[in-house]
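See below for the structure under consideration.
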Amino acid sequence: MPYNGGMDETALKQRLEALREEIRAHNYRYYVLNAPVISDAEYDALMRELREIEAAHPEWVTPDSPTQRAGAPPADGFVKVRHPAPILSLANAFSAGEVRAWYERIRKLDARVAQSGFVVEPKIDGLTVVLHYREGVFVQGATRGNGEIGEDITANIRTIRAVPLKIPLFPLPPLGGRAGVGGTLTPSPSPTGRGGSMGKIQPSLPSPSRSTPVGLPKGEGMKSGSIPSYLVVRGEAFITKADFEALNARLRAAGEKTYLNPRNTAAGSLRQLDPRVTASRPLTLLVYQIVAVEGGEAPSTQWGVLTYLRELGFPVAHSARKCETLEEAIAYAEDLGARREELPYEIDGAVIKLDDLQVAASLGFVGKDPRGAIALKFPAPEATTTLLDIGVNVGRTGVLTPYAVLEPVEIGGVRVERATLHNFDFIAEKDIRIGDRVLVKRAGEVIPYVIGPIVEARTGAERPYTPPKVCPSCGQPVEHFEGEVAWYCVNAACPAQLVRRVEHFVSRGAMDIVGMGIKIVEQLIRANLVQDVADLYTLKREDLLPLEGFAEKKADNLLAAIEASKTRPLARLINALGIRGVGEVMAAELAKHYPSLDALSAATQEELEAIEGIGPNIAAAIVDWFSRPRNREVLRKLKSAGVWPVEKTAPAEARAPLKGLTFVITGTLPTMSRAEAKDFIQAHGGKVTSSVSRKTDYLLAGENPGSKLQKAQTLGIPVIDEARLREMVGV
Ligand code: IVH
């Protein structure tokens, strides 16, 4: 017997309508409001029930039913569609100056420009889609094509859950049914494709209120209570960063090939001839333009358009903002650039649009670019280039790390000629070959890295890579440990490891020997003057003078810097030793508990594990380090050279006014260097981390603070100066 849920036909049809409305409402909460109220499983149950009713009554299936998203069979090709109005492009500006020049030009063309405000929107790095609605029902979706004629990808667009199949969504049906009412669930990536995590950016657009009884809520964008008989909107289809990562993680787990970046994946997914493939990709959408309207009137401002589209149930960028002045618009566009890493999707710029759409339209175009808007482009964090060779670095613990030698390329305004390849497994998994075109990314503070090869660009001349069997520095065989990805050079006398160890020892966060760069370290080791870090303290003028580039003054300066390093606090020396897992923060913690290296070297595994933040692995690494004869010899030499700081009273027990507080330092402080400020904070019990997050208690800011200041302000973290810091500790 076909499904009837124990209902007669009338009741069943009502249930069907109720289910559709409810599912639409949940899609809307999820994709537009960012605030789902049911779990994926509950959502799936509603969909299942709807499918069952429709299976029993195929004659009730309508194209706007939420079940009509996937399913369509593969097509032979795409049909061309003419857009109702040209789908225009945007002129680019690469600096605030170029934006100001644009504004000057258009202000001269039309005096009304000066009266218009602005709307700033993120420029999403996705693909333009054009969506057609007749009597509120989604009927066609197209690609941009050449701007006049695109391709009909209706079946694919249907699969995107963020695309409303029916508008408007109001009034929202009451919550309940099988779904139940609950607290807000955070969106989570899920294999069903409902994983659109749109981030938690405060909406600045008014959101339609849930209590709206009937009809459409009245907002700035609303022109009439009814919806247009024909409406064409334009938006951007894309994949969020989180969904992209989750998709790749799934593919990796299944042993399949991963994708290069969200944009290419989105592009490939949209132009799939088989909509079932598109349905399996986590595409989502944000809209920003009304292309055509019949039987209604479009709002006359861009802000009105965004508000209106949102009221109809379309997803609109939460980070869009209305700005009164050009300078405000530029500042906000730049702010979006500074925050691009935090946005849930990739953006390649910010679009500054005249809010007054009539004035904007009357300005006309230059080629395909309307004069009324401009994109402030951010430097691209990715580029393709040729992989010339693969080199291998030997780290201070002996880990071998492959790196890419690249045909120099500019990424994000910086010339890049090296990039990490992570490890040898990565090269094999991605099948990276020498001579390949590769995609390279450089984002934020991280070292540039190779994402993968552009397989389509292969000529056949590329050579597969075989990892070395011996250490490129000392020629000893390399080893691999069970359960680890890394390959190691285990030769304790390997010169490359020694170079790295000494480099770390003299570095800023460690003994801070000013003027001793990698070149000098290499010279000293090559000349056999330094066999371990303690040898630095027995160097003499006569040793240095024969080295290339060493005149008397340089030799004396270096010796003075070495001498000065003897007084570094214990925490610095512990960090300088380069014990696996013991960085600056951990070293500071250890120095609070042990007044000297004598005490630390006698610490037991249990004792160390009792310290907050030290787990069994690090405790074991510390005990192991102090047990090795080679290291004990280095300690003996350091002690006899007078490099043996002893903390009189452990500051943690003495006076720790900053205990429990986490600081981030930025900019130039009036009297302290950043390293000194860090020591100061740590000596008074505080912690210093490198990036601003919700866990940060204070941002210590000096002159020219940069993006950390902005971030702290966004998060509402108190910003203090050096004077205030001193007050806090009472000095
Ligand atoms: S407005 C006349 N707004 O950027 C309107 N475009 O380089 C012109 N894009 O083809 C487009 N986010 O695919 C506009 N908020 C946004 C956008 C946006 C992304 C894309 C769009 C366009 C390209 C222009």
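By order of appearance in the structure tokens: chains A, B, ..., then residues from 1 within every chain, and ligands from 1 in the order shown.
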
Discussion item. Need the shell around A:Ala457: protein/DNA/RNA residues with any atom at most 12 Å away, counting only C-alpha atoms. Skip same-chain ones fewer than 6 positions apart. Format as a list in words?
Written reply: Thr384, Thr385, Thr386, Arg433, Gly435, Asp436, Arg437, Val438 and Leu439 of chain A

Given the selection you just returned, output its residues as a file containing N, CA, C and O atoms, formatted as a tab-separated table (two decimals), in the first residue's frame.
chain	number	residue	atom	x	y	z
A	384	THR	N	50.36	30.43	-9.96
A	384	THR	CA	50.99	29.23	-10.52
A	384	THR	C	52.35	29.61	-11.06
A	384	THR	O	52.57	30.73	-11.52
A	385	THR	N	53.26	28.67	-10.97
A	385	THR	CA	54.61	28.88	-11.50
A	385	THR	C	55.23	27.52	-11.77
A	385	THR	O	54.59	26.49	-11.56
A	386	THR	N	56.48	27.53	-12.28
A	386	THR	CA	57.11	26.26	-12.62
A	386	THR	C	57.99	25.78	-11.47
A	386	THR	O	58.73	26.54	-10.88
A	433	ARG	N	55.84	16.57	-9.83
A	433	ARG	CA	57.03	16.24	-10.63
A	433	ARG	C	57.85	17.49	-10.92
A	433	ARG	O	57.28	18.59	-11.05
A	435	GLY	N	59.48	20.19	-12.96
A	435	GLY	CA	59.08	20.72	-14.26
A	435	GLY	C	57.59	21.01	-14.32
A	435	GLY	O	57.12	21.69	-15.23
A	436	ASP	N	56.83	20.53	-13.32
A	436	ASP	CA	55.39	20.77	-13.28
A	436	ASP	C	55.09	22.26	-13.13
A	436	ASP	O	55.84	22.99	-12.49
A	437	ARG	N	53.92	22.68	-13.66
A	437	ARG	CA	53.32	23.94	-13.22
A	437	ARG	C	52.69	23.62	-11.88
A	437	ARG	O	52.00	22.60	-11.74
A	438	VAL	N	52.94	24.44	-10.88
A	438	VAL	CA	52.36	24.16	-9.57
A	438	VAL	C	51.62	25.39	-9.06
A	438	VAL	O	51.94	26.52	-9.42
A	439	LEU	N	50.62	25.13	-8.22
A	439	LEU	CA	49.88	26.21	-7.58
A	439	LEU	C	50.52	26.44	-6.22
A	439	LEU	O	50.71	25.50	-5.45

Kindly compile the residues surrounding ligand 1 within 8 Å, counting only C-alpha atoms and all ligand atoms, and format them as a short mmCIF file (atom, residue, chain, number, x, y, z; two decimals) with all heavy atoms, in the first residue's frame.
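Wrote it out as pocket-v8.cif, contents follow:
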data_model
loop_
_atom_site.label_atom_id
_atom_site.label_comp_id
_atom_site.auth_asym_id
_atom_site.auth_seq_id
_atom_site.Cartn_x
_atom_site.Cartn_y
_atom_site.Cartn_z
N ILE A 87 25.14 41.01 -18.33
CA ILE A 87 25.73 40.68 -17.04
C ILE A 87 27.13 41.29 -17.05
O ILE A 87 28.06 40.75 -17.64
CB ILE A 87 25.78 39.15 -16.84
CG1 ILE A 87 24.36 38.58 -16.87
CG2 ILE A 87 26.46 38.79 -15.52
CD1 ILE A 87 23.42 39.15 -15.81
N LEU A 88 27.21 42.45 -16.42
CA LEU A 88 28.41 43.25 -16.56
C LEU A 88 29.54 42.80 -15.65
O LEU A 88 29.34 42.00 -14.73
CB LEU A 88 28.08 44.71 -16.27
CG LEU A 88 27.06 45.31 -17.26
CD1 LEU A 88 26.51 46.61 -16.71
CD2 LEU A 88 27.67 45.50 -18.63
N SER A 89 30.70 43.35 -15.92
CA SER A 89 31.87 43.05 -15.11
C SER A 89 32.16 44.24 -14.20
O SER A 89 31.30 45.09 -13.97
CB SER A 89 33.03 42.76 -16.06
OG SER A 89 34.11 42.31 -15.32
N LEU A 90 33.37 44.35 -13.70
CA LEU A 90 33.73 45.45 -12.80
C LEU A 90 35.12 45.95 -13.15
O LEU A 90 36.00 45.14 -13.45
CB LEU A 90 33.80 44.94 -11.36
CG LEU A 90 32.55 44.83 -10.52
CD1 LEU A 90 32.90 44.19 -9.19
CD2 LEU A 90 31.94 46.20 -10.31
N ALA A 91 35.31 47.25 -13.04
CA ALA A 91 36.66 47.77 -13.19
C ALA A 91 37.41 47.52 -11.88
O ALA A 91 36.79 47.48 -10.82
CB ALA A 91 36.62 49.26 -13.48
N ASN A 92 38.72 47.35 -11.97
CA ASN A 92 39.51 47.07 -10.78
C ASN A 92 40.32 48.28 -10.34
O ASN A 92 40.79 49.07 -11.17
CB ASN A 92 40.52 45.96 -11.07
CG ASN A 92 39.82 44.64 -11.26
OD1 ASN A 92 38.79 44.38 -10.64
ND2 ASN A 92 40.36 43.81 -12.13
N VAL A 120 29.53 48.74 0.44
CA VAL A 120 30.74 47.94 0.26
C VAL A 120 30.39 46.48 0.51
O VAL A 120 29.76 46.14 1.51
CB VAL A 120 31.84 48.40 1.25
CG1 VAL A 120 33.11 47.58 1.04
CG2 VAL A 120 32.13 49.88 1.07
N GLU A 121 30.78 45.66 -0.46
CA GLU A 121 30.48 44.22 -0.34
C GLU A 121 31.76 43.42 -0.54
O GLU A 121 32.66 43.87 -1.23
CB GLU A 121 29.49 43.80 -1.45
CG GLU A 121 28.15 44.47 -1.35
CD GLU A 121 27.32 44.27 -2.62
OE1 GLU A 121 27.57 43.31 -3.37
OE2 GLU A 121 26.43 45.09 -2.85
N PRO A 122 31.81 42.23 0.03
CA PRO A 122 32.96 41.38 -0.25
C PRO A 122 32.90 40.95 -1.72
O PRO A 122 31.81 40.72 -2.24
CB PRO A 122 32.74 40.17 0.66
CG PRO A 122 31.27 40.13 0.91
CD PRO A 122 30.81 41.57 0.89
N LYS A 123 34.04 40.89 -2.38
CA LYS A 123 34.06 40.38 -3.75
C LYS A 123 34.41 38.90 -3.66
O LYS A 123 35.57 38.52 -3.47
CB LYS A 123 35.09 41.14 -4.60
CG LYS A 123 35.05 40.74 -6.06
CD LYS A 123 35.91 41.69 -6.87
CE LYS A 123 35.93 41.38 -8.34
NZ LYS A 123 36.16 40.01 -8.70
N ILE A 124 33.37 38.10 -3.73
CA ILE A 124 33.53 36.66 -3.51
C ILE A 124 34.22 36.02 -4.71
O ILE A 124 33.89 36.30 -5.85
CB ILE A 124 32.15 36.02 -3.26
CG1 ILE A 124 31.53 36.66 -2.03
CG2 ILE A 124 32.26 34.52 -3.09
CD1 ILE A 124 30.06 36.76 -2.12
N ASP A 125 35.17 35.16 -4.41
CA ASP A 125 35.92 34.52 -5.48
C ASP A 125 35.20 33.24 -5.90
O ASP A 125 35.60 32.14 -5.57
CB ASP A 125 37.33 34.20 -4.97
CG ASP A 125 38.29 34.04 -6.13
OD1 ASP A 125 37.87 34.25 -7.28
OD2 ASP A 125 39.46 33.71 -5.87
N GLY A 126 34.11 33.42 -6.62
CA GLY A 126 33.32 32.27 -7.07
C GLY A 126 32.95 32.45 -8.52
O GLY A 126 33.74 32.97 -9.31
N LEU A 127 31.71 32.03 -8.88
CA LEU A 127 31.27 32.17 -10.26
C LEU A 127 29.91 32.83 -10.30
O LEU A 127 29.03 32.48 -9.52
CB LEU A 127 31.14 30.79 -10.89
CG LEU A 127 32.50 30.15 -10.98
CD1 LEU A 127 32.54 28.97 -10.08
CD2 LEU A 127 32.81 29.82 -12.39
N THR A 128 29.76 33.76 -11.23
CA THR A 128 28.47 34.43 -11.37
C THR A 128 27.41 33.44 -11.80
O THR A 128 27.64 32.65 -12.71
CB THR A 128 28.58 35.54 -12.43
OG1 THR A 128 29.31 36.61 -11.87
CG2 THR A 128 27.21 36.05 -12.84
N VAL A 129 26.26 33.52 -11.14
CA VAL A 129 25.10 32.77 -11.63
C VAL A 129 23.92 33.72 -11.73
O VAL A 129 23.82 34.70 -11.00
CB VAL A 129 24.73 31.57 -10.72
CG1 VAL A 129 25.74 30.45 -10.85
CG2 VAL A 129 24.58 31.98 -9.27
N ARG A 144 27.41 33.02 -16.47
CA ARG A 144 27.57 34.36 -17.03
C ARG A 144 27.86 34.28 -18.53
O ARG A 144 27.39 35.11 -19.30
CB ARG A 144 28.71 35.08 -16.31
CG ARG A 144 29.01 36.44 -16.87
CD ARG A 144 29.99 37.18 -15.98
NE ARG A 144 30.12 38.53 -16.45
CZ ARG A 144 31.04 38.94 -17.32
NH1 ARG A 144 31.90 38.08 -17.80
NH2 ARG A 144 31.09 40.19 -17.70
N GLY A 235 24.06 36.44 -8.57
CA GLY A 235 24.84 36.17 -7.36
C GLY A 235 26.10 35.42 -7.70
O GLY A 235 26.46 35.25 -8.87
N GLU A 236 26.75 34.98 -6.67
CA GLU A 236 28.01 34.28 -6.82
C GLU A 236 27.86 32.89 -6.19
O GLU A 236 27.43 32.78 -5.04
CB GLU A 236 29.09 35.09 -6.07
CG GLU A 236 30.47 34.90 -6.55
CD GLU A 236 30.80 35.59 -7.87
OE1 GLU A 236 29.91 36.25 -8.46
OE2 GLU A 236 31.94 35.44 -8.30
N VAL A 287 23.73 36.45 -3.10
CA VAL A 287 23.26 37.29 -4.21
C VAL A 287 23.51 38.76 -3.93
O VAL A 287 23.65 39.17 -2.76
CB VAL A 287 21.76 37.06 -4.49
CG1 VAL A 287 21.49 35.62 -4.87
CG2 VAL A 287 20.92 37.47 -3.30
N TYR A 288 23.56 39.58 -5.00
CA TYR A 288 23.85 40.99 -4.81
C TYR A 288 23.25 41.92 -5.85
O TYR A 288 23.49 43.12 -5.81
CB TYR A 288 25.37 41.23 -4.75
CG TYR A 288 26.13 40.58 -5.89
CD1 TYR A 288 26.15 41.15 -7.16
CD2 TYR A 288 26.82 39.40 -5.69
CE1 TYR A 288 26.83 40.55 -8.19
CE2 TYR A 288 27.50 38.79 -6.72
CZ TYR A 288 27.51 39.36 -7.97
OH TYR A 288 28.18 38.76 -9.00
N GLN A 289 22.50 41.38 -6.82
CA GLN A 289 22.00 42.27 -7.86
C GLN A 289 20.67 41.80 -8.42
O GLN A 289 20.43 40.60 -8.54
CB GLN A 289 23.04 42.32 -9.00
CG GLN A 289 22.81 43.48 -9.95
CD GLN A 289 23.65 43.35 -11.22
OE1 GLN A 289 24.54 42.51 -11.32
NE2 GLN A 289 23.34 44.17 -12.20
N ALA A 317 25.44 38.64 1.62
CA ALA A 317 26.65 38.69 2.45
C ALA A 317 26.40 39.48 3.73
O ALA A 317 25.95 40.62 3.68
CB ALA A 317 27.79 39.33 1.66
N ILE A 347 37.76 35.67 -0.68
CA ILE A 347 37.40 36.88 -1.42
C ILE A 347 38.67 37.40 -2.09
O ILE A 347 39.77 37.19 -1.59
CB ILE A 347 36.78 37.98 -0.51
CG1 ILE A 347 37.76 38.44 0.59
CG2 ILE A 347 35.51 37.49 0.14
CD1 ILE A 347 37.23 39.64 1.38
N ALA A 350 37.14 43.86 -2.50
CA ALA A 350 35.88 44.39 -1.97
C ALA A 350 35.29 45.23 -3.09
O ALA A 350 36.02 45.88 -3.83
CB ALA A 350 36.14 45.25 -0.74
N VAL A 351 33.96 45.19 -3.23
CA VAL A 351 33.32 45.99 -4.27
C VAL A 351 32.72 47.23 -3.62
O VAL A 351 31.98 47.12 -2.65
CB VAL A 351 32.21 45.19 -5.00
CG1 VAL A 351 31.73 45.96 -6.22
CG2 VAL A 351 32.70 43.81 -5.38
N LYS A 353 30.22 50.20 -4.29
CA LYS A 353 29.16 50.54 -5.24
C LYS A 353 28.48 51.83 -4.81
O LYS A 353 28.25 52.04 -3.62
CB LYS A 353 28.10 49.42 -5.25
CG LYS A 353 28.66 48.07 -5.61
CD LYS A 353 27.60 46.97 -5.55
CE LYS A 353 28.25 45.66 -6.00
NZ LYS A 353 27.34 44.52 -5.93
N ASP A 369 32.42 47.41 -18.07
CA ASP A 369 32.46 47.79 -16.66
C ASP A 369 31.56 48.99 -16.38
O ASP A 369 31.77 50.06 -16.94
CB ASP A 369 33.90 48.17 -16.25
CG ASP A 369 34.88 47.08 -16.60
OD1 ASP A 369 34.45 45.91 -16.66
OD2 ASP A 369 36.07 47.39 -16.82
N PRO A 370 30.57 48.80 -15.51
CA PRO A 370 29.73 49.95 -15.17
C PRO A 370 30.58 50.97 -14.40
O PRO A 370 31.44 50.60 -13.61
CB PRO A 370 28.65 49.35 -14.27
CG PRO A 370 29.22 48.07 -13.77
CD PRO A 370 30.20 47.59 -14.79
N GLY A 372 29.51 52.97 -12.15
CA GLY A 372 28.99 53.22 -10.81
C GLY A 372 29.54 52.33 -9.71
O GLY A 372 29.10 52.42 -8.57
N ALA A 373 30.46 51.44 -10.05
CA ALA A 373 31.02 50.54 -9.02
C ALA A 373 32.47 50.24 -9.37
O ALA A 373 32.88 50.36 -10.53
CB ALA A 373 30.23 49.24 -8.94
N ALA A 375 35.94 47.57 -8.08
CA ALA A 375 36.45 46.52 -7.17
C ALA A 375 37.82 46.94 -6.67
O ALA A 375 38.70 47.25 -7.47
CB ALA A 375 36.55 45.19 -7.91
#

Worksheet entry | Top pick for closest residue to A:Glu563, considering A:Ile681, A:Val643, A:Val446, A:Met672 and counting only C-alpha atoms | A:Val643

Item to complete: Pull the helix (DSSP H, G or I) assignments for stretch 421-540 of chain A out of DSSP run on the backbone, and list those residues as a PyMOL selection string.
Response: chain A and resi 424-430+455-457+495-506+518-526+533-538

Practice prompt. Find the residues around stretch 339-341 of chain A up to 12 Å (only C-alpha atoms counted), leave out those fewer than 3 positions away in its own chain, and share them as a PyMOL selection string.
Written response: chain A and resi 122-125+199+201+240-242+319+332-336+344-350+377-381+442-446+707-712+714-715

Export, as a CSV table (one decimal), in the first residue's frame, the selected residues with N, CA and C atoms.
chain,number,residue,atom,x,y,z
A,122,PRO,N,31.8,42.2,0.0
A,122,PRO,CA,33.0,41.4,-0.3
A,122,PRO,C,32.9,40.9,-1.7
A,123,LYS,N,34.0,40.9,-2.4
A,123,LYS,CA,34.1,40.4,-3.8
A,123,LYS,C,34.4,38.9,-3.7
A,124,ILE,N,33.4,38.1,-3.7
A,124,ILE,CA,33.5,36.7,-3.5
A,124,ILE,C,34.2,36.0,-4.7
A,125,ASP,N,35.2,35.2,-4.4
A,125,ASP,CA,35.9,34.5,-5.5
A,125,ASP,C,35.2,33.2,-5.9
A,199,GLY,N,30.0,31.1,8.7
A,199,GLY,CA,30.8,32.0,9.6
A,199,GLY,C,29.8,32.7,10.5
A,201,ILE,N,29.7,36.2,11.3
A,201,ILE,CA,29.9,37.6,11.2
A,201,ILE,C,28.6,38.3,11.5
A,240,THR,N,32.6,27.3,0.6
A,240,THR,CA,33.2,27.9,1.7
A,240,THR,C,34.5,27.2,2.0
A,241,LYS,N,35.4,27.9,2.7
A,241,LYS,CA,36.7,27.3,3.0
A,241,LYS,C,36.6,26.0,3.8
A,242,ALA,N,35.6,26.0,4.8
A,242,ALA,CA,35.5,24.9,5.7
A,242,ALA,C,34.9,23.7,4.9
A,319,SER,N,28.6,40.6,5.6
A,319,SER,CA,29.6,41.6,5.8
A,319,SER,C,29.4,42.8,4.9
A,332,TYR,N,36.4,50.6,5.1
A,332,TYR,CA,35.8,49.3,5.3
A,332,TYR,C,36.2,48.3,4.3
A,333,ALA,N,36.5,48.7,3.1
A,333,ALA,CA,37.0,47.8,2.1
A,333,ALA,C,38.3,47.2,2.5
A,334,GLU,N,39.2,48.1,3.0
A,334,GLU,CA,40.5,47.7,3.5
A,334,GLU,C,40.4,46.8,4.7
A,335,ASP,N,39.4,47.1,5.5
A,335,ASP,CA,39.2,46.3,6.7
A,335,ASP,C,38.8,44.8,6.3
A,336,LEU,N,38.0,44.7,5.2
A,336,LEU,CA,37.6,43.4,4.7
A,336,LEU,C,38.9,42.7,4.3
A,344,PRO,N,34.4,33.3,6.1
A,344,PRO,CA,34.2,31.8,5.8
A,344,PRO,C,34.5,31.4,4.3
A,345,TYR,N,34.6,32.4,3.4
A,345,TYR,CA,34.8,32.1,2.0
A,345,TYR,C,36.0,33.0,1.5
A,346,GLU,N,36.5,32.6,0.4
A,346,GLU,CA,37.6,33.3,-0.2
A,346,GLU,C,37.1,34.5,-0.9
A,347,ILE,N,37.8,35.7,-0.7
A,347,ILE,CA,37.4,36.9,-1.4
A,347,ILE,C,38.7,37.4,-2.1
A,348,ASP,N,38.5,38.0,-3.3
A,348,ASP,CA,39.7,38.6,-3.9
A,348,ASP,C,39.6,40.1,-4.0
A,349,GLY,N,38.7,40.7,-3.3
A,349,GLY,CA,38.6,42.1,-3.2
A,349,GLY,C,37.4,42.5,-2.5
A,350,ALA,N,37.1,43.9,-2.5
A,350,ALA,CA,35.9,44.4,-2.0
A,350,ALA,C,35.3,45.2,-3.1
A,377,LYS,N,40.9,45.5,-5.5
A,377,LYS,CA,41.4,44.1,-5.5
A,377,LYS,C,42.5,43.9,-4.4
A,378,PHE,N,42.4,42.8,-3.8
A,378,PHE,CA,43.5,42.4,-2.8
A,378,PHE,C,44.5,41.6,-3.6
A,379,PRO,N,45.8,41.7,-3.1
A,379,PRO,CA,46.8,40.9,-3.8
A,379,PRO,C,46.4,39.4,-3.7
A,380,ALA,N,46.5,38.7,-4.8
A,380,ALA,CA,46.1,37.3,-4.8
A,380,ALA,C,47.1,36.4,-3.9
A,381,PRO,N,46.5,35.6,-3.1
A,381,PRO,CA,47.4,34.8,-2.2
A,381,PRO,C,47.9,33.5,-2.9
A,442,ARG,N,50.4,31.7,-0.5
A,442,ARG,CA,51.1,32.4,0.6
A,442,ARG,C,50.0,33.2,1.3
A,443,ALA,N,49.7,32.8,2.5
A,443,ALA,CA,48.6,33.5,3.2
A,443,ALA,C,49.1,33.9,4.6
A,444,GLY,N,48.7,35.1,5.0
A,444,GLY,CA,49.1,35.5,6.3
A,444,GLY,C,50.5,35.4,6.6
A,445,GLU,N,50.9,34.9,7.8
A,445,GLU,CA,52.3,34.9,8.2
A,445,GLU,C,52.9,33.6,7.8
A,446,VAL,N,52.2,32.6,7.2
A,446,VAL,CA,52.8,31.3,7.0
A,446,VAL,C,53.8,31.3,5.8
A,707,SER,N,47.7,45.3,11.6
A,707,SER,CA,46.4,44.6,11.6
A,707,SER,C,46.0,44.0,12.9
A,708,LYS,N,47.0,43.7,13.8
A,708,LYS,CA,46.6,43.1,15.1
A,708,LYS,C,45.8,44.1,15.9
A,709,LEU,N,46.0,45.4,15.7
A,709,LEU,CA,45.2,46.4,16.4
A,709,LEU,C,43.8,46.3,16.0
A,710,GLN,N,43.6,46.3,14.7
A,710,GLN,CA,42.2,46.2,14.1
A,710,GLN,C,41.5,44.9,14.7
A,711,LYS,N,42.3,43.8,14.7
A,711,LYS,CA,41.7,42.6,15.1
A,711,LYS,C,41.2,42.7,16.6
A,712,ALA,N,42.1,43.3,17.4
A,712,ALA,CA,41.8,43.4,18.8
A,712,ALA,C,40.6,44.3,19.0
A,714,THR,N,38.2,44.7,16.8
A,714,THR,CA,37.0,44.0,16.4
A,714,THR,C,36.5,43.0,17.5
A,715,LEU,N,37.5,42.4,18.2
A,715,LEU,CA,37.1,41.4,19.2
A,715,LEU,C,36.8,42.1,20.6

Interface rows for stretch 534-559 of chain A against stretch 618-639 of chain A: nearest pair, Å to one decimal, 12 Å, only C-alpha atoms, as JSON lines:
{"residue": "A:Ala534", "atom": "CA", "partner": "A:Leu638", "partner_atom": "CA", "distance": 5.3}
{"residue": "A:Asp535", "atom": "CA", "partner": "A:Lys637", "partner_atom": "CA", "distance": 7.9}
{"residue": "A:Leu536", "atom": "CA", "partner": "A:Leu638", "partner_atom": "CA", "distance": 9.4}
{"residue": "A:Tyr537", "atom": "CA", "partner": "A:Leu638", "partner_atom": "CA", "distance": 7.7}
{"residue": "A:Thr538", "atom": "CA", "partner": "A:Lys637", "partner_atom": "CA", "distance": 9.4}

For those residues, write N, CA and C atoms to a file as an mmCIF file, in the first residue's frame.
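After the write, out_35.cif holds the following:
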data_model
loop_
_atom_site.group_PDB
_atom_site.id
_atom_site.type_symbol
_atom_site.label_atom_id
_atom_site.label_comp_id
_atom_site.auth_asym_id
_atom_site.auth_seq_id
_atom_site.Cartn_x
_atom_site.Cartn_y
_atom_site.Cartn_z
ATOM 1 N N ALA A 534 78.210 25.570 22.743
ATOM 2 C CA ALA A 534 79.056 26.108 23.811
ATOM 3 C C ALA A 534 80.366 26.670 23.249
ATOM 4 N N ASP A 535 80.791 26.161 22.090
ATOM 5 C CA ASP A 535 82.047 26.648 21.493
ATOM 6 C C ASP A 535 81.990 28.140 21.150
ATOM 7 N N LEU A 536 80.786 28.682 21.012
ATOM 8 C CA LEU A 536 80.655 30.108 20.702
ATOM 9 C C LEU A 536 81.336 30.954 21.776
ATOM 10 N N TYR A 537 81.280 30.449 23.019
ATOM 11 C CA TYR A 537 81.764 31.249 24.143
ATOM 12 C C TYR A 537 83.268 31.170 24.348
ATOM 13 N N THR A 538 83.961 30.366 23.532
ATOM 14 C CA THR A 538 85.426 30.321 23.643
ATOM 15 C C THR A 538 86.078 30.895 22.392
#

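Taking atom CA of A:Val293 and atom CA of A:Val233 as endpoints, the distance between them is 8.8 Å.
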
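Proximity ranking of A:Leu544, A:Met47, A:Val79, A:Ala56 relative to A:Gly5 places A:Ala56 first, based on only C-alpha atoms.
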
Discussion item. List as number ranges by chain the protein and nucleic acid residues near A:Glu703, meaning an atom at most 10 Å away when only C-alpha atoms are counted, but skip any in the same chain fewer than 3 places from it.
Written reply: A: 666-670, 706, 721

Take the selection from the previous step and output its residues with N, CA, C and O atoms, as a CSV table (one decimal), in the first residue's frame.
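The resulting part-v5.csv:
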chain,number,residue,atom,x,y,z
A,666,THR,N,52.4,44.4,19.6
A,666,THR,CA,52.4,44.9,18.2
A,666,THR,C,53.0,46.3,18.2
A,666,THR,O,52.8,47.1,19.1
A,667,GLY,N,53.6,46.7,17.1
A,667,GLY,CA,54.1,48.0,16.9
A,667,GLY,C,55.4,48.3,17.6
A,667,GLY,O,56.0,47.4,18.3
A,668,THR,N,55.9,49.5,17.5
A,668,THR,CA,57.1,49.9,18.2
A,668,THR,C,56.8,50.6,19.5
A,668,THR,O,56.2,51.6,19.6
A,669,LEU,N,57.4,50.0,20.6
A,669,LEU,CA,57.2,50.6,21.9
A,669,LEU,C,58.2,51.7,22.2
A,669,LEU,O,59.3,51.6,21.6
A,670,PRO,N,57.9,52.6,23.1
A,670,PRO,CA,58.8,53.8,23.3
A,670,PRO,C,60.1,53.4,23.8
A,670,PRO,O,61.2,53.9,23.3
A,706,GLY,N,49.5,48.1,12.9
A,706,GLY,CA,49.1,47.2,11.9
A,706,GLY,C,47.8,46.4,12.2
A,706,GLY,O,47.0,46.9,13.0
A,721,ASP,N,49.2,50.6,26.4
A,721,ASP,CA,50.5,51.0,25.9
A,721,ASP,C,51.6,50.6,27.0
A,721,ASP,O,51.2,50.1,28.0

Item to complete: Assign secondary structure with DSSP using the backbone only, and return the residues of stretch 328-546 of chain A in strand (DSSP E or B) as a ChimeraX atom specification.
Response: /A:347-354,356,365-366,369-370,373-377,382-394,399-411,414-420,434,437-441,449-453,463,470,477-480,487-489

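The closest residue to A:Ile447, picked from A:Cys474, A:Ala419, A:Val533, A:Val664 and counting only C-alpha atoms, is A:Ala419.
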
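Minimum atom-to-atom distances from A:Gly412, A:Gly716, A:Pro467, A:Gly117 to A:Glu479 were compared using only C-alpha atoms, and the lowest value belongs to A:Pro467.
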
Worksheet item: A:Thr62: which residues within 12 Å, counting only C-alpha atoms, same-chain residues fewer than 2 positions away excluded, as a ChimeraX atom specification?
Response: /A:16-17,20,54,57-60,64-69,137-139,165-166
